[in-house]
Structure formats: C-alpha cells, structure tokens
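Undergrad: What follows is the file input35.csv, containing CSV, C-alpha atoms and all ligand atoms:
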```csv
chain,number,residue,atom,x,y,z
N,21,MET,CA,-9.5,-23.3,-11.0
N,22,LYS,CA,-8.5,-19.8,-12.1
N,23,TYR,CA,-6.7,-17.5,-9.6
N,24,LEU,CA,-6.4,-13.7,-10.0
N,25,VAL,CA,-4.0,-11.4,-8.1
N,26,THR,CA,-4.6,-7.7,-8.1
N,27,GLY,CA,-1.9,-5.1,-7.4
N,28,ALA,CA,0.4,-7.5,-9.3
N,29,THR,CA,2.7,-4.6,-10.4
N,30,GLY,CA,3.2,-3.7,-6.7
N,31,ARG,CA,5.5,-5.4,-4.3
N,32,PHE,CA,2.9,-7.3,-2.3
N,33,GLY,CA,1.0,-8.7,-5.3
N,34,ASN,CA,4.3,-9.6,-7.0
N,35,TYR,CA,5.5,-11.6,-4.0
N,36,ALA,CA,2.1,-13.3,-3.8
N,37,LEU,CA,2.3,-14.3,-7.5
N,38,ASP,CA,5.8,-15.7,-6.9
N,39,PHE,CA,4.5,-17.9,-4.0
N,40,LEU,CA,1.5,-18.9,-6.0
N,41,LYS,CA,3.6,-20.1,-9.0
N,42,GLU,CA,5.4,-22.6,-6.7
N,43,SER,CA,2.2,-24.7,-6.5
N,44,VAL,CA,-0.2,-23.6,-9.2
N,45,PRO,CA,0.3,-24.0,-13.0
N,46,THR,CA,1.0,-20.5,-14.4
N,47,SER,CA,-1.7,-21.2,-17.0
N,48,ASP,CA,-4.3,-20.9,-14.2
N,49,ILE,CA,-2.8,-17.7,-12.8
N,50,TYR,CA,-4.1,-14.2,-13.8
N,51,ALA,CA,-2.7,-10.9,-12.8
N,52,LEU,CA,-4.6,-7.6,-12.9
N,53,VAL,CA,-2.7,-4.8,-14.4
N,54,ARG,CA,-3.8,-1.3,-15.4
N,55,SER,CA,-2.0,-1.5,-18.8
N,56,GLU,CA,-0.5,-4.3,-20.7
N,57,GLU,CA,2.5,-2.5,-22.2
N,58,LYS,CA,4.2,-1.9,-18.9
N,59,ASN,CA,4.0,-5.6,-17.8
N,60,ALA,CA,6.0,-7.6,-20.3
N,61,ALA,CA,7.9,-9.3,-17.4
N,62,LEU,CA,4.7,-10.8,-16.0
N,63,LYS,CA,3.7,-12.0,-19.5
N,64,GLU,CA,7.1,-13.5,-20.1
N,65,ALA,CA,6.8,-15.4,-16.8
N,66,GLY,CA,3.7,-17.1,-18.3
N,67,ILE,CA,1.2,-15.2,-16.2
N,68,ASN,CA,-2.1,-14.3,-17.9
N,69,LEU,CA,-2.8,-10.6,-17.9
N,70,ARG,CA,-6.2,-9.0,-17.3
N,71,ILE,CA,-6.6,-5.3,-17.7
N,72,GLY,CA,-8.6,-3.4,-15.2
N,73,ASP,CA,-8.7,-0.4,-12.9
N,74,TYR,CA,-10.6,-0.4,-9.6
N,75,ALA,CA,-11.9,3.1,-10.6
N,76,ASP,CA,-13.6,1.6,-13.6
N,77,LYS,CA,-16.3,-1.0,-12.7
N,78,LYS,CA,-16.9,-2.1,-16.2
N,79,SER,CA,-13.2,-2.9,-16.7
N,80,MET,CA,-13.2,-4.9,-13.4
N,81,GLU,CA,-16.3,-6.9,-14.5
N,82,LYS,CA,-14.5,-7.9,-17.7
N,83,ALA,CA,-11.2,-8.6,-15.8
N,84,LEU,CA,-12.9,-11.0,-13.4
N,85,GLN,CA,-14.8,-13.1,-15.9
N,86,GLY,CA,-14.1,-16.8,-15.4
N,87,ILE,CA,-12.1,-16.1,-12.2
N,88,ASP,CA,-12.8,-18.5,-9.3
N,89,ARG,CA,-10.4,-17.2,-6.6
N,90,LEU,CA,-9.4,-13.6,-6.1
N,91,LEU,CA,-6.6,-12.0,-4.1
N,92,PHE,CA,-7.7,-8.4,-3.8
N,93,VAL,CA,-4.8,-6.2,-2.8
N,94,SER,CA,-6.2,-2.9,-1.3
N,95,GLY,CA,-5.6,0.2,-3.5
N,96,THR,CA,-4.1,3.5,-2.7
N,97,PRO,CA,-5.9,5.9,-0.2
N,98,GLY,CA,-7.9,8.6,-1.9
N,99,ASN,CA,-11.1,7.4,-3.5
N,100,ARG,CA,-10.7,3.9,-2.1
N,101,GLN,CA,-14.2,3.2,-0.9
N,102,GLU,CA,-15.8,3.7,-4.3
N,103,GLU,CA,-13.0,1.9,-6.0
N,104,HIS,CA,-13.2,-1.1,-3.7
N,105,ALA,CA,-17.0,-1.2,-4.1
N,106,ASN,CA,-16.4,-1.5,-7.8
N,107,VAL,CA,-14.1,-4.5,-7.3
N,108,VAL,CA,-16.4,-6.3,-4.8
N,109,GLU,CA,-19.5,-5.7,-7.0
N,110,ALA,CA,-17.7,-6.9,-10.1
N,111,ALA,CA,-16.5,-10.0,-8.3
N,112,LYS,CA,-20.1,-10.8,-7.3
N,113,GLU,CA,-21.4,-10.3,-10.8
N,114,ALA,CA,-18.6,-12.4,-12.3
N,115,GLY,CA,-19.4,-15.3,-9.9
N,116,VAL,CA,-16.0,-15.2,-8.1
N,117,SER,CA,-16.3,-17.9,-5.3
N,118,TYR,CA,-13.6,-16.7,-2.9
N,119,ILE,CA,-11.9,-13.4,-2.0
N,120,ALA,CA,-8.8,-12.9,0.1
N,121,TYR,CA,-8.6,-9.2,0.9
N,122,THR,CA,-5.6,-7.3,2.4
N,123,SER,CA,-7.2,-5.4,5.3
N,124,PHE,CA,-5.9,-3.5,8.4
N,125,ALA,CA,-5.0,-4.7,11.9
N,126,ARG,CA,-8.1,-5.2,14.0
N,127,ALA,CA,-10.1,-3.3,11.3
N,128,ASP,CA,-13.4,-3.7,13.2
N,129,LYS,CA,-12.0,-1.9,16.3
N,130,ALA,CA,-9.3,0.4,14.9
N,131,THR,CA,-9.9,4.1,14.9
N,132,SER,CA,-7.0,5.0,12.7
N,133,PRO,CA,-8.1,7.0,9.6
N,134,LEU,CA,-6.4,4.3,7.6
N,135,ALA,CA,-8.8,1.6,8.9
N,136,ALA,CA,-12.1,3.2,7.6
N,137,ASP,CA,-11.7,2.0,4.0
N,138,HIS,CA,-10.8,-1.4,5.2
N,139,ILE,CA,-13.8,-2.0,7.5
N,140,PHE,CA,-16.0,-0.6,4.7
N,141,THR,CA,-14.6,-3.1,2.3
N,142,GLU,CA,-14.8,-6.0,4.7
N,143,LYS,CA,-18.5,-5.3,5.3
N,144,LEU,CA,-19.1,-5.1,1.5
N,145,ILE,CA,-17.5,-8.5,1.0
N,146,GLU,CA,-19.4,-10.0,3.9
N,147,LYS,CA,-22.6,-8.7,2.4
N,148,THR,CA,-22.0,-10.5,-1.0
N,149,GLY,CA,-22.0,-13.8,0.8
N,150,ILE,CA,-18.8,-14.8,-1.1
N,151,ALA,CA,-16.4,-17.0,1.0
N,152,HIS,CA,-13.5,-14.9,2.1
N,153,THR,CA,-10.4,-14.4,4.3
N,154,PHE,CA,-9.7,-10.9,5.6
N,155,LEU,CA,-5.9,-10.7,5.8
N,156,ARG,CA,-5.6,-8.1,8.6
N,157,ASN,CA,-2.0,-7.1,7.9
N,158,ASN,CA,-0.2,-5.3,10.6
N,159,TRP,CA,2.8,-3.1,9.5
N,160,TYR,CA,5.4,-3.9,6.9
N,161,LEU,CA,8.9,-3.6,8.2
N,162,GLU,CA,9.6,-2.0,4.8
N,163,ASN,CA,7.5,1.0,5.9
N,164,GLU,CA,10.2,2.0,8.3
N,165,MET,CA,12.9,2.4,5.7
N,166,PRO,CA,12.8,6.3,5.6
N,167,ILE,CA,13.5,6.3,9.4
N,168,VAL,CA,16.2,3.6,8.9
N,169,ASP,CA,17.8,5.5,6.0
N,170,ALA,CA,17.9,8.7,8.1
N,171,ALA,CA,19.5,6.7,10.9
N,172,LEU,CA,22.1,5.1,8.7
N,173,ASN,CA,22.9,8.4,7.0
N,174,GLY,CA,22.7,10.8,10.0
N,175,GLY,CA,23.5,8.5,12.9
N,176,LYS,CA,20.2,9.2,14.7
N,177,PHE,CA,17.1,6.9,14.9
N,178,VAL,CA,14.3,9.3,15.6
N,179,TYR,CA,10.7,8.3,16.4
N,180,ALA,CA,7.7,10.0,17.8
N,181,ALA,CA,5.5,7.0,18.7
N,182,GLY,CA,6.6,6.9,22.4
N,183,GLN,CA,6.1,3.5,23.9
N,184,GLY,CA,3.5,2.5,21.2
N,185,LYS,CA,4.1,-1.0,19.9
N,186,THR,CA,3.8,-2.5,16.3
N,187,GLY,CA,3.7,-6.0,15.0
N,188,TRP,CA,6.2,-5.6,12.2
N,189,ALA,CA,7.0,-8.4,9.6
N,190,LEU,CA,8.4,-8.5,6.1
N,191,LYS,CA,6.0,-7.8,3.2
N,192,ARG,CA,6.9,-11.1,1.7
N,193,GLU,CA,5.8,-12.9,4.8
N,194,TYR,CA,2.4,-11.4,4.7
N,195,ALA,CA,2.2,-12.1,0.9
N,196,GLU,CA,3.1,-15.8,1.5
N,197,VAL,CA,0.0,-16.1,3.8
N,198,ALA,CA,-2.1,-14.4,1.1
N,199,ALA,CA,-0.9,-16.9,-1.5
N,200,LYS,CA,-1.7,-19.8,0.8
N,201,ALA,CA,-5.2,-18.4,1.4
N,202,LEU,CA,-5.8,-18.0,-2.3
N,203,GLN,CA,-4.8,-21.6,-2.9
N,204,GLY,CA,-7.5,-22.7,-0.5
N,205,LYS,CA,-5.7,-23.3,2.8
N,206,ASP,CA,-8.3,-23.9,5.5
N,207,PHE,CA,-8.0,-20.5,7.2
N,208,PRO,CA,-10.6,-18.7,9.4
N,209,ALA,CA,-12.5,-15.8,7.8
N,210,ILE,CA,-10.3,-13.3,9.7
N,211,LEU,CA,-6.5,-13.6,10.2
N,212,GLU,CA,-4.9,-11.0,12.4
N,213,LEU,CA,-1.5,-11.1,10.8
N,214,SER,CA,0.8,-9.5,13.4
N,215,GLY,CA,4.4,-10.1,14.4
N,216,LYS,CA,5.1,-9.8,18.1
N,217,PRO,CA,4.4,-6.2,18.9
N,218,VAL,CA,7.4,-4.2,20.1
N,219,SER,CA,8.3,-0.6,20.6
N,220,TYR,CA,10.5,1.6,18.4
N,221,GLU,CA,13.2,1.3,21.0
N,222,ALA,CA,13.3,-2.4,20.4
N,223,LEU,CA,13.2,-1.8,16.6
N,224,ALA,CA,16.2,0.5,16.8
N,225,ALA,CA,18.1,-2.1,18.9
N,226,ALA,CA,17.4,-4.7,16.2
N,227,LEU,CA,18.7,-2.2,13.6
N,228,LYS,CA,21.9,-1.6,15.6
N,229,THR,CA,22.6,-5.3,16.0
N,230,ALA,CA,21.8,-6.0,12.3
N,231,THR,CA,24.2,-3.3,11.1
N,232,GLY,CA,26.7,-3.2,13.9
N,233,MET,CA,26.5,0.6,13.7
N,234,GLU,CA,26.6,3.1,16.5
N,235,ILE,CA,23.2,4.8,16.2
N,236,GLU,CA,21.7,7.3,18.7
N,237,VAL,CA,18.1,6.5,19.5
N,238,VAL,CA,15.9,9.5,20.1
N,239,SER,CA,12.4,9.5,21.4
N,240,SER,CA,11.3,12.8,19.8
N,241,ASP,CA,8.4,15.2,19.6
N,242,ASN,CA,6.5,15.6,16.3
N,243,GLN,CA,8.6,18.5,15.1
N,244,GLY,CA,11.9,16.7,15.6
N,245,PHE,CA,10.6,13.6,13.9
N,246,ILE,CA,9.6,15.6,10.8
N,247,GLU,CA,12.9,17.5,10.7
N,248,ASN,CA,15.0,14.4,10.9
N,249,LEU,CA,13.2,13.0,7.8
N,250,THR,CA,13.2,16.2,5.8
N,251,VAL,CA,16.9,16.9,6.5
N,252,ASN,CA,17.5,13.4,5.0
N,253,GLY,CA,15.7,14.4,1.8
N,254,LEU,CA,12.1,13.2,2.4
N,255,PRO,CA,9.5,15.7,1.1
N,256,GLN,CA,7.5,17.5,3.8
N,257,PRO,CA,4.1,16.0,2.9
N,258,ILE,CA,5.6,12.5,3.0
N,259,ALA,CA,7.3,13.2,6.3
N,260,GLU,CA,3.9,14.3,7.6
N,261,MET,CA,2.3,11.1,6.4
N,262,PHE,CA,4.9,9.2,8.3
N,263,LEU,CA,4.1,11.3,11.4
N,264,SER,CA,0.5,10.3,11.1
N,265,PHE,CA,1.6,6.6,11.3
N,266,GLN,CA,3.6,7.5,14.4
N,267,SER,CA,0.5,8.9,16.0
N,268,ASP,CA,-1.5,5.8,15.2
N,269,ILE,CA,1.3,3.6,16.7
N,270,LYS,CA,1.5,5.8,19.8
N,271,ASP,CA,-2.2,5.4,20.2
N,272,GLY,CA,-1.8,1.5,20.2
N,273,GLN,CA,-3.5,1.0,16.8
N,274,LEU,CA,-1.0,-1.6,15.7
N,275,ASP,CA,-0.4,-3.2,19.1
N,276,VAL,CA,-2.0,-6.6,18.3
N,277,VAL,CA,-1.2,-9.8,20.0
N,278,SER,CA,-2.1,-12.9,17.9
N,279,ASP,CA,-0.5,-16.2,16.8
N,280,ASP,CA,-2.5,-16.3,13.6
N,281,PHE,CA,0.5,-15.3,11.5
N,282,GLU,CA,2.9,-18.0,12.6
N,283,LYS,CA,0.1,-20.6,12.5
N,284,ALA,CA,-0.8,-19.6,9.0
N,285,LEU,CA,2.8,-19.6,7.8
N,286,GLY,CA,3.6,-22.9,9.6
N,287,ARG,CA,6.9,-21.5,10.9
N,288,THR,CA,8.2,-18.7,13.0
N,289,LEU,CA,8.5,-15.2,11.5
N,290,LEU,CA,11.9,-13.7,10.9
N,291,SER,CA,13.3,-11.7,13.8
N,292,LEU,CA,13.5,-7.9,13.2
N,293,GLU,CA,17.2,-8.2,13.1
N,294,GLU,CA,17.0,-10.8,10.4
N,295,GLY,CA,14.4,-8.7,8.6
N,296,PHE,CA,16.7,-5.7,8.6
N,297,LYS,CA,19.6,-7.8,7.3
N,298,GLU,CA,17.4,-9.0,4.4
N,299,LEU,CA,16.2,-5.4,3.6
N,300,LEU,CA,19.7,-3.9,3.8
N,301,ALA,CA,21.6,-6.6,1.9
H,1,LIG,N1,0.2,-3.0,6.1
H,1,LIG,C1,1.0,-2.1,5.7
H,1,LIG,O1,2.0,-1.8,6.4
H,1,LIG,C2,0.7,-1.3,4.5
H,1,LIG,C3,1.6,-0.2,4.2
H,1,LIG,C4,1.4,0.4,3.0
H,1,LIG,C5,0.4,0.0,2.1
H,1,LIG,N2,-0.4,-1.0,2.5
H,1,LIG,C6,-1.5,-1.5,1.6
H,1,LIG,O2,-1.0,-2.6,0.9
H,1,LIG,C7,-1.2,-2.5,-0.5
H,1,LIG,C8,-0.1,-3.2,-1.3
H,1,LIG,O3,1.2,-2.7,-0.9
H,1,LIG,P1,2.4,-2.6,-1.9
H,1,LIG,O4,3.6,-2.3,-1.1
H,1,LIG,O5,2.4,-3.8,-2.9
H,1,LIG,O6,2.0,-1.3,-2.7
H,1,LIG,P2,2.5,-0.8,-4.1
H,1,LIG,O7,3.8,-1.4,-4.4
H,1,LIG,O8,2.3,0.7,-4.2
H,1,LIG,O9,1.4,-1.5,-5.1
H,1,LIG,C9,0.1,-1.1,-5.2
H,1,LIG,C10,-0.5,-1.9,-6.3
H,1,LIG,O10,-1.9,-1.6,-6.4
H,1,LIG,C11,-2.2,-1.3,-7.7
H,1,LIG,N3,-3.3,-0.3,-7.8
H,1,LIG,C12,-3.4,0.9,-7.1
H,1,LIG,N4,-4.6,1.5,-7.4
H,1,LIG,C13,-5.2,0.7,-8.3
H,1,LIG,C14,-6.4,0.8,-9.1
H,1,LIG,N5,-7.2,1.9,-9.0
H,1,LIG,N6,-6.7,-0.2,-10.0
H,1,LIG,C15,-5.9,-1.2,-10.1
H,1,LIG,N7,-4.8,-1.4,-9.4
H,1,LIG,C16,-4.4,-0.4,-8.6
H,1,LIG,C17,-1.0,-0.6,-8.3
H,1,LIG,O11,-1.0,-0.7,-9.7
H,1,LIG,P3,-0.1,0.3,-10.6
H,1,LIG,O12,1.2,-0.3,-10.7
H,1,LIG,O13,-0.9,0.4,-11.9
H,1,LIG,O14,-0.1,1.7,-9.9
H,1,LIG,C18,0.1,-1.6,-7.7
H,1,LIG,O15,0.1,-2.8,-8.4
H,1,LIG,C19,-1.2,-1.0,-0.7
H,1,LIG,O16,-1.8,-0.7,-1.9
H,1,LIG,C20,-1.9,-0.5,0.5
H,1,LIG,O17,-3.3,-0.6,0.3
H,1,LIG,C21,-0.3,-1.7,3.6
```
Please rewrite the model in this file as structure tokens.
Ligand SMILES: NC(=O)c1ccc[n+]([C@@H]2O[C@H](COP(=O)([O-])OP(=O)(O)OC[C@H]3O[C@@H](n4cnc5c(N)ncnc54)[C@H](OP(=O)(O)O)[C@@H]3O)[C@@H](O)[C@H]2O)c1
TA:
Amino acid sequence: MKYLVTGATGRFGNYALDFLKESVPTSDIYALVRSEEKNAALKEAGINLRIGDYADKKSMEKALQGIDRLLFVSGTPGNRQEEHANVVEAAKEAGVSYIAYTSFARADKATSPLAADHIFTEKLIEKTGIAHTFLRNNWYLENEMPIVDAALNGGKFVYAAGQGKTGWALKREYAEVAAKALQGKDFPAILELSGKPVSYEALAAALKTATGMEIEVVSSDNQGFIENLTVNGLPQPIAEMFLSFQSDIKDGQLDVVSDDFEKALGRTLLSLEEGFKELLA
C-alpha cells in the first residue's frame, strides 16, 4: 500500500506525515513537494518525494502514479477550484483508491466565502466514485496567534466576532485524525472535526489562565480590531483578512457541535488553556 501526503512542506501535512510514520513503513510513504531541492529534510527522514503542483495537472498525474491512498491537503485560496480539479482528476486517472480531503466546517451548509472551494472539491471527489473521507476541519487554534501576540505585547485581547462561537483545536490534533483516515481507520465519509464551540470571551479567559497575565478583553468594532493588529505590526491586508474571519465567526459559520473529533481521536481534545500552553512554550 502506497500513501501520499500533499502539502507536506506545510505544518498540517508535516504533522500528518509524522503520525503516519509511527505505523507505516517510510518506504510506503510519499510526500508531494513542489521542488526537490528545498526538501532535503523529508528525504533524509526516508520519505519518498514526488514532485507536483496542483496548478499543473500533468505533474499531478505523474506524482500520483502507483499511489493507493491520498491525503489531499487543500491549497491556498486564489485559483483553488481549478487547482483542486487537477488533483482530483489526476487521482482518478492514476487509479487512487481513497482520498482524505481537508475541507471546511459544515461545508455543504456554510455560506462563508472560504467554504465555496471546499464544497466544490467535495462534489468533485464524490463524482469520481473514489472512496473518501471529508475532514471538515473547524478552526486551528494557531490561527489566533496574531490576536494573541497583540494581547501579549499590548495587554489587550481585541476581537470583533461578538458572541460568535468557534470549535478551536490544535493543528496537530486535526492532522492526527487525517493520518488515521489515510491509514484506513473505519471513519464515515464526512467527519465534522470541531472542538467544543466557545466564544472569544472564553478563548481570552483560557489565554489569561495559560499565561497568568493581566489582559484586558475588548469586544470591539471592526475598526478597533484592525487597528489593534496593525499597531502590533500586522500588515493592513492581513489584518483585513483576519477581520473577514471574525465576520464569519460572528455569523456562526464555525459554531459546530459534533463529537466526531474526539471519537476519531479516541481521546479528549486538549483544553484551550493546554493548547495555548503548548503554542506559547
Ligand atoms: N481550518 C483552518 O483553520 C485553516 C486555516 C488556514 C488554512 N487552512 C487550510 O489548511 C491547509 C493546510 O494548512 P497549513 O497550515 O499546513 O498551511 P501551510 O503551512 O501554508 O502549507 C500549505 C501547503 O500546501 C502546499 N501547496 C499550496 N499550494 C500548492 C500547490 N499549488 N501545489 C502543491 N502544493 C501546494 C504548500 O507547498 P509549498 O511549501 O510549496 O508552498 C504547503 O506545503 C491550508 O493550505 C488551507 O487550505 C485551514
């Protein structure tokens, strides 16, 4: 059985590879990278490299030759639908028998602009008839680090998502489920991977307990949210992207209640306080 992980140079794919190595011989593990030169570390770890770019269908057809099981880590927003179609079509042509795909929370119902590429990709995968698991990942706790850094530097935890709730968990926890799915764990075709949804107020309380710091918690308007991030050095366009996430969260897009995550992991998720301790160690 040959396993291929895409996005292997990114954090999610790299975590998934680490989990996979615990139970699969490295000789059966392949990593998709865009260039060989930059990935000596993966090679040294005994992982086979395949070169490919989602934007280049021919390269993906070549990269997926002989692969049985694919962990398809979603690409970067931009031209994602065309790129993802290349990957899915190449998988079909190469005879891949299983795809685990990193999707978006409640992708079939979500109205967030971020969800459109994911539901598009889910539908394409369904159409191929290839067995699959849609890993509908809620929000990485890591995504909040710009807000956290600003709070630790400036003493104010500022958010603009009102009472909106999010099912945060650590990226490595999501990646562990992805690695289990890739290995053939008997999961349903859709996993709603969400931590217990809580508000930013609760998130800030967890940060305060984790750090023992006095931090003022501010439920802000959009302008105040942007200002707090830019004053702390985040470029304006990035701060605006973070504001769009706040709007999605305010709108309830990530407020998903499901026990799929803990069932799939076979244990409880870390608390937000423990998560922050790990990220800030
Ligand atoms: N649920 C959430 O909270 C959340 C938040 C942010 C992102 N995401 C999604 O989760 C994915 C993984 O997250 P991450 O933190 O691991 O991101 P990351 O560290 O930025 O890694 C992205 C990976 O995707 C690869 N990639 C991007 N475009 C590609 C293309 N056209 N062809 C081949 N490979 C390509 C990158 O390769 P290079 O090293 O060559 O660039 C990199 O290995 C993201 O790409 C995004 O779709 C989810």
Undergrad: Select from chain N every residue with an atom at most 6 Å from any atom of ligand LIG 1 (chain H), then for each give the shortest pair of atoms and their distance in Å to one decimal, using only C-alpha atoms and all ligand atoms, rows by chain and rising number, as JSON lines.
TA:
```
{"residue": "N:Gly27", "atom": "CA", "partner": "H:LIG1", "partner_atom": "O15", "distance": 3.2}
{"residue": "N:Ala28", "atom": "CA", "partner": "H:LIG1", "partner_atom": "O15", "distance": 4.8}
{"residue": "N:Thr29", "atom": "CA", "partner": "H:LIG1", "partner_atom": "O15", "distance": 3.7}
{"residue": "N:Gly30", "atom": "CA", "partner": "H:LIG1", "partner_atom": "O9", "distance": 3.3}
{"residue": "N:Arg31", "atom": "CA", "partner": "H:LIG1", "partner_atom": "O5", "distance": 3.8}
{"residue": "N:Phe32", "atom": "CA", "partner": "H:LIG1", "partner_atom": "O5", "distance": 3.6}
{"residue": "N:Gly33", "atom": "CA", "partner": "H:LIG1", "partner_atom": "O5", "distance": 5.6}
{"residue": "N:Arg54", "atom": "CA", "partner": "H:LIG1", "partner_atom": "O13", "distance": 4.9}
{"residue": "N:Asp73", "atom": "CA", "partner": "H:LIG1", "partner_atom": "N6", "distance": 3.5}
{"residue": "N:Tyr74", "atom": "CA", "partner": "H:LIG1", "partner_atom": "N6", "distance": 3.9}
{"residue": "N:Ala75", "atom": "CA", "partner": "H:LIG1", "partner_atom": "N5", "distance": 5.1}
{"residue": "N:Val93", "atom": "CA", "partner": "H:LIG1", "partner_atom": "C7", "distance": 5.7}
{"residue": "N:Ser94", "atom": "CA", "partner": "H:LIG1", "partner_atom": "O17", "distance": 4.0}
{"residue": "N:Gly95", "atom": "CA", "partner": "H:LIG1", "partner_atom": "O16", "distance": 4.2}
{"residue": "N:Thr96", "atom": "CA", "partner": "H:LIG1", "partner_atom": "O16", "distance": 4.9}
{"residue": "N:Asn157", "atom": "CA", "partner": "H:LIG1", "partner_atom": "N1", "distance": 5.0}
{"residue": "N:Asn158", "atom": "CA", "partner": "H:LIG1", "partner_atom": "N1", "distance": 5.1}
{"residue": "N:Trp159", "atom": "CA", "partner": "H:LIG1", "partner_atom": "O1", "distance": 3.5}
{"residue": "N:Tyr160", "atom": "CA", "partner": "H:LIG1", "partner_atom": "O1", "distance": 4.0}
```
Undergrad: One number please: atom CA of N:His138 to atom CA of N:Phe39, in Å, one decimal.
TA: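 Taking atom CA of N:His138 as the start and atom CA of N:Phe39 as the end point, the length is 24.3 Å.
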Undergrad: Could you check how far atom CA of N:Tyr220 sits from atom CA of N:Val237, in Å to one decimal?
TA: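 Atom-to-atom, atom CA of N:Tyr220 to atom CA of N:Val237, that is 9.1 Å.
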Undergrad: Just give me the gap between atom CA of N:Ala127 and atom CA of N:Asp275 in Å, one decimal is fine.
TA: 12.4 Å
Undergrad: Within 8 Å of N:Val25, counting all atoms listed in the file, which residues qualify if same-chain residues fewer than 2 places away don't, as number ranges by chain?
TA: N: 23, 27-28, 33, 36-37, 49-52, 90-93
Undergrad: Just write the chosen residues, C-alpha atoms, as a PDB file, in the coordinates of the input.
TA:
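The resulting file, again37.pdb, is shown below:
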```pdb
ATOM      1  CA  TYR N  23      -6.700 -17.500  -9.600  1.00  0.00           C
ATOM      2  CA  GLY N  27      -1.900  -5.100  -7.400  1.00  0.00           C
ATOM      3  CA  ALA N  28       0.400  -7.500  -9.300  1.00  0.00           C
ATOM      4  CA  GLY N  33       1.000  -8.700  -5.300  1.00  0.00           C
ATOM      5  CA  ALA N  36       2.100 -13.300  -3.800  1.00  0.00           C
ATOM      6  CA  LEU N  37       2.300 -14.300  -7.500  1.00  0.00           C
ATOM      7  CA  ILE N  49      -2.800 -17.700 -12.800  1.00  0.00           C
ATOM      8  CA  TYR N  50      -4.100 -14.200 -13.800  1.00  0.00           C
ATOM      9  CA  ALA N  51      -2.700 -10.900 -12.800  1.00  0.00           C
ATOM     10  CA  LEU N  52      -4.600  -7.600 -12.900  1.00  0.00           C
ATOM     11  CA  LEU N  90      -9.400 -13.600  -6.100  1.00  0.00           C
ATOM     12  CA  LEU N  91      -6.600 -12.000  -4.100  1.00  0.00           C
ATOM     13  CA  PHE N  92      -7.700  -8.400  -3.800  1.00  0.00           C
ATOM     14  CA  VAL N  93      -4.800  -6.200  -2.800  1.00  0.00           C
TER      15      VAL N  93
END
```
Undergrad: Nearest to N:Lys129 among N:Arg156, N:Lys205, N:Lys176, N:Lys58, with distances taken over all atoms listed in the file: which residue is it?
TA: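 Nearest to N:Lys129: N:Arg156.
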Undergrad: With all atoms listed in the file as the atoms that count, which of N:Glu57, N:Glu221, N:Ala284, N:Leu134 lies nearest to N:Ser264?
TA: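 Checking each of N:Glu57, N:Glu221, N:Ala284, N:Leu134 against N:Ser264, counting all atoms listed in the file, the winner is N:Leu134.
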Undergrad: From the set N:Ala209, N:Met261, N:Val238, N:Leu62, which residue has the shortest atom-to-atom contact distance to N:Asp280, counting only C-alpha atoms?
TA: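 Among the listed residues, the smallest separation from N:Asp280 belongs to N:Ala209.
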Undergrad: Could you pull the residues within 12 Å of N:Lys143, counting only C-alpha atoms, minus those fewer than 6 positions along the same chain, as an MDAnalysis selection string?
TA: chainID N and resid 101 104:105 108 121 123 127:128 136:137 149:150 152 154
Undergrad: Which residue, N:Thr122, N:Ser214, N:Asn106, N:Asn34, has the smallest gap to N:Leu144 when you use only C-alpha atoms?
TA: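 Looking at the shortest contact to N:Leu144, the residue is N:Asn106.
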Undergrad: Would you kindly return, as a list in words, each protein, DNA or RNA residue with an atom no farther than 12 Å from any atom of N:Leu172, considering only C-alpha atoms and excluding same-chain residues fewer than 3 positions away?
TA: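 Contacts, in chain order: Met165, Pro166, Ile167, Val168, Asp169, Gly175, Lys176, Phe177, Val178, Ala224, Leu227, Lys228, Ala230, Thr231, Gly232, Met233, Glu234, Ile235, Glu236, Val237, Asn248, Leu249, Asn252 and Leu300 of chain N.
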Undergrad: List every protein, DNA or RNA residue that has at least one atom no more than 8 Å from (1.6, -18.0, -17.4) in the file's coordinates, counting all atoms listed in the file, and write the result as a PyMOL selection string.
TA: chain N and resi 45-50+62-68
Undergrad: What's around N:Gly295 at 10 Å? Count all atoms listed in the file, leave out sequence neighbours fewer than 3 positions away in its own chain, and write the answer as a list in words.
TA: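 Using all atoms listed in the file, the neighbours found are Leu161, Glu162, Trp188, Ala189, Leu190, Ala226, Leu227, Ala230, Leu289, Leu290, Ser291, Leu292, Glu298, Leu299 and Leu300 of chain N.
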Undergrad: Rank nothing, just name the residue among N:Thr288, N:Ala180, N:Ile210, N:Glu294 nearest to N:Phe262, using all atoms listed in the file.
TA: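 Of all the options, N:Ala180 lies closest to N:Phe262.
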Undergrad: Using only C-alpha atoms, which residue out of N:Ser132, N:Ser55, N:Asn99, N:Ser117 lies closest to N:Leu84?
TA: N:Ser117
Undergrad: Is it possible to dump stretch 67-79 of chain N as a short mmCIF file (atom, residue, chain, number, x, y, z; two decimals), in the first residue's frame, including just N, CA and C atoms?
TA:
```
data_model
loop_
_atom_site.label_atom_id
_atom_site.label_comp_id
_atom_site.auth_asym_id
_atom_site.auth_seq_id
_atom_site.Cartn_x
_atom_site.Cartn_y
_atom_site.Cartn_z
N ILE N 67 11.43 9.59 3.61
CA ILE N 67 10.16 9.75 2.89
C ILE N 67 10.46 9.87 1.39
N ASN N 68 9.68 9.17 0.58
CA ASN N 68 9.84 9.29 -0.88
C ASN N 68 9.23 10.61 -1.33
N LEU N 69 9.91 11.29 -2.21
CA LEU N 69 9.38 12.57 -2.69
C LEU N 69 8.77 12.41 -4.08
N ARG N 70 7.64 13.04 -4.28
CA ARG N 70 7.05 13.17 -5.62
C ARG N 70 6.89 14.66 -5.88
N ILE N 71 7.28 15.06 -7.09
CA ILE N 71 7.22 16.49 -7.42
C ILE N 71 5.90 16.79 -8.13
N GLY N 72 5.20 17.81 -7.67
CA GLY N 72 3.96 18.17 -8.36
C GLY N 72 3.43 19.49 -7.85
N ASP N 73 2.63 20.12 -8.70
CA ASP N 73 1.98 21.39 -8.36
C ASP N 73 0.51 21.24 -8.73
N TYR N 74 -0.38 21.61 -7.81
CA TYR N 74 -1.82 21.48 -8.10
C TYR N 74 -2.18 22.22 -9.39
N ALA N 75 -1.42 23.28 -9.68
CA ALA N 75 -1.74 24.11 -10.86
C ALA N 75 -1.35 23.42 -12.16
N ASP N 76 -0.62 22.33 -12.09
CA ASP N 76 -0.11 21.66 -13.29
C ASP N 76 -0.60 20.20 -13.28
N LYS N 77 -1.68 19.97 -14.03
CA LYS N 77 -2.33 18.66 -13.96
C LYS N 77 -1.39 17.52 -14.35
N LYS N 78 -0.58 17.76 -15.38
CA LYS N 78 0.34 16.71 -15.84
C LYS N 78 1.28 16.29 -14.72
N SER N 79 1.77 17.29 -13.97
CA SER N 79 2.70 16.98 -12.88
C SER N 79 1.99 16.16 -11.81
#
```
